[in-house]
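The structure appears right after this line, and notes come after that.
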Amino acid sequence: MRATIWHNPRCSKSRAALAILENAPGVDIEVVEYIKTPPSRAEIEAVLKRAGVRPSEAIRKGEGVVKEIGLDVSDDKAVLDAMATHPILIERAIVITGKGAVIARPPERANEIL
């Protein structure tokens with residue numbers, strides 16, 4: 001099985017999700033440090049749709065940039081635009097496999113699609 005993780009190595013929850021993938025037998029992992037290599041708006045939208053969550057449910061509302069840009073976190077279009085411009089706003093970690101996608105919070109949610 002192939003698994004992609006949108007990963008932030010500075011985040012303990014993201015590191016824990018990656019460890020779950022690394023310890024799962026037969027999983028080929030692609031690690032995408034999404035802060036360094038941001039996904040496009042279309043990629044974010046597609047992955048969130050696959051995960052069955054609205055953009056407003058996948059944003060890190062406590063990040064300072066939310067206030068700085070005056071983001072209305074209930075406006076999904078604006079949230080997607082902001083996530084594409086400021087990838088730090090994307091909730092972490094996101095795990096994607098052939099079975100679907102999940103926001104791995106808690107990290108054990110990654111097991112749902114392995």
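By convention in this document, the chains of the structure tokens carry letters A, B, ... by their order, each chain's residues are numbered from 1, and ligands are numbered from 1 in the order they are shown.
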### Task
Find the spatial neighbours of Arg54 (chain A), counting only C-alpha atoms, within a cut-off of 9 Å - ignore same-chain residues fewer than 4 positions away - and output them as a PyMOL selection string.
chain A and resi 45+48-49+58+76
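CA of Ala51 (chain A) lies 19.9 Å from CA of Ile35 (chain A).
Between CA of Lys36 (chain A) and CA of Ala84 (chain A) lies a distance of 12.3 Å.
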### Query
Residues of region 7-114 of chain A in helix (DSSP H, G or I) according to DSSP, as a ChimeraX atom specification?
/A:12-23,41-51,55-57,64-68,76-85,87-89,107-113
#### Entry: Residues within 10 Å of Pro39 (chain A), only C-alpha atoms, excluding chain neighbours under 3 positions, as number ranges by chain
A: 6, 32-36, 42-45, 47, 83-85, 87
Excluding region 12-20 of chain A and any residue of its chain fewer than 6 positions from it, enumerate the residues within 7 Å of it, using only C-alpha atoms, and give them as a PDB file with N, CA, C and O atoms, in the first residue's frame.
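And here is the file that came out, part_22.pdb:
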ATOM      1  N   ARG A  92      -2.804  19.426  10.511  1.00  0.00           N
ATOM      2  CA  ARG A  92      -1.835  18.370  10.289  1.00  0.00           C
ATOM      3  C   ARG A  92      -2.046  17.222  11.259  1.00  0.00           C
ATOM      4  O   ARG A  92      -2.597  17.450  12.345  1.00  0.00           O
ATOM      5  N   ALA A  93      -1.620  16.116  10.870  1.00  0.00           N
ATOM      6  CA  ALA A  93      -1.143  15.697   9.563  1.00  0.00           C
ATOM      7  C   ALA A  93      -2.333  15.165   8.753  1.00  0.00           C
ATOM      8  O   ALA A  93      -3.318  14.731   9.323  1.00  0.00           O
ATOM      9  N   ALA A 104      -5.214  13.269  10.579  1.00  0.00           N
ATOM     10  CA  ALA A 104      -4.760  12.348  11.623  1.00  0.00           C
ATOM     11  C   ALA A 104      -4.640  13.050  12.971  1.00  0.00           C
ATOM     12  O   ALA A 104      -3.565  13.179  13.545  1.00  0.00           O
ATOM     13  N   PRO A 107      -3.488  11.131  16.026  1.00  0.00           N
ATOM     14  CA  PRO A 107      -2.674  10.435  15.025  1.00  0.00           C
ATOM     15  C   PRO A 107      -3.178   9.027  14.673  1.00  0.00           C
ATOM     16  O   PRO A 107      -3.046   8.592  13.537  1.00  0.00           O
ATOM     17  N   GLU A 108      -3.825   8.366  15.623  1.00  0.00           N
ATOM     18  CA  GLU A 108      -4.322   7.003  15.407  1.00  0.00           C
ATOM     19  C   GLU A 108      -5.376   6.934  14.304  1.00  0.00           C
ATOM     20  O   GLU A 108      -5.641   5.861  13.766  1.00  0.00           O
ATOM     21  N   ALA A 110      -4.962   7.671  11.419  1.00  0.00           N
ATOM     22  CA  ALA A 110      -4.290   7.185  10.219  1.00  0.00           C
ATOM     23  C   ALA A 110      -4.599   5.704   9.989  1.00  0.00           C
ATOM     24  O   ALA A 110      -4.691   5.256   8.837  1.00  0.00           O
TER      25      ALA A 110
END
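For the choices A:Arg50, A:Asn111, A:Lys99, A:Ile5, the atom-to-atom distance to Pro25 (chain A) is smallest for A:Asn111 when using only C-alpha atoms.
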### Message
Using Å and a single decimal, report how far CA of His86 (chain A) sits from CA of Glu68 (chain A).
### Response
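Taking CA of Glu68 (chain A) as the start and CA of His86 (chain A) as the end point, the length is 11.4 Å.
Nearest residue to Gly26 (chain A), choosing from A:Ala46, A:Met1, A:Leu71, A:Ile94 and counting only C-alpha atoms: A:Met1.
Between Glu30 (chain A) and the residues A:Val79, A:Ile96, A:Val73, A:Val66, the shortest atom-to-atom distance, using only C-alpha atoms, involves A:Ile96.
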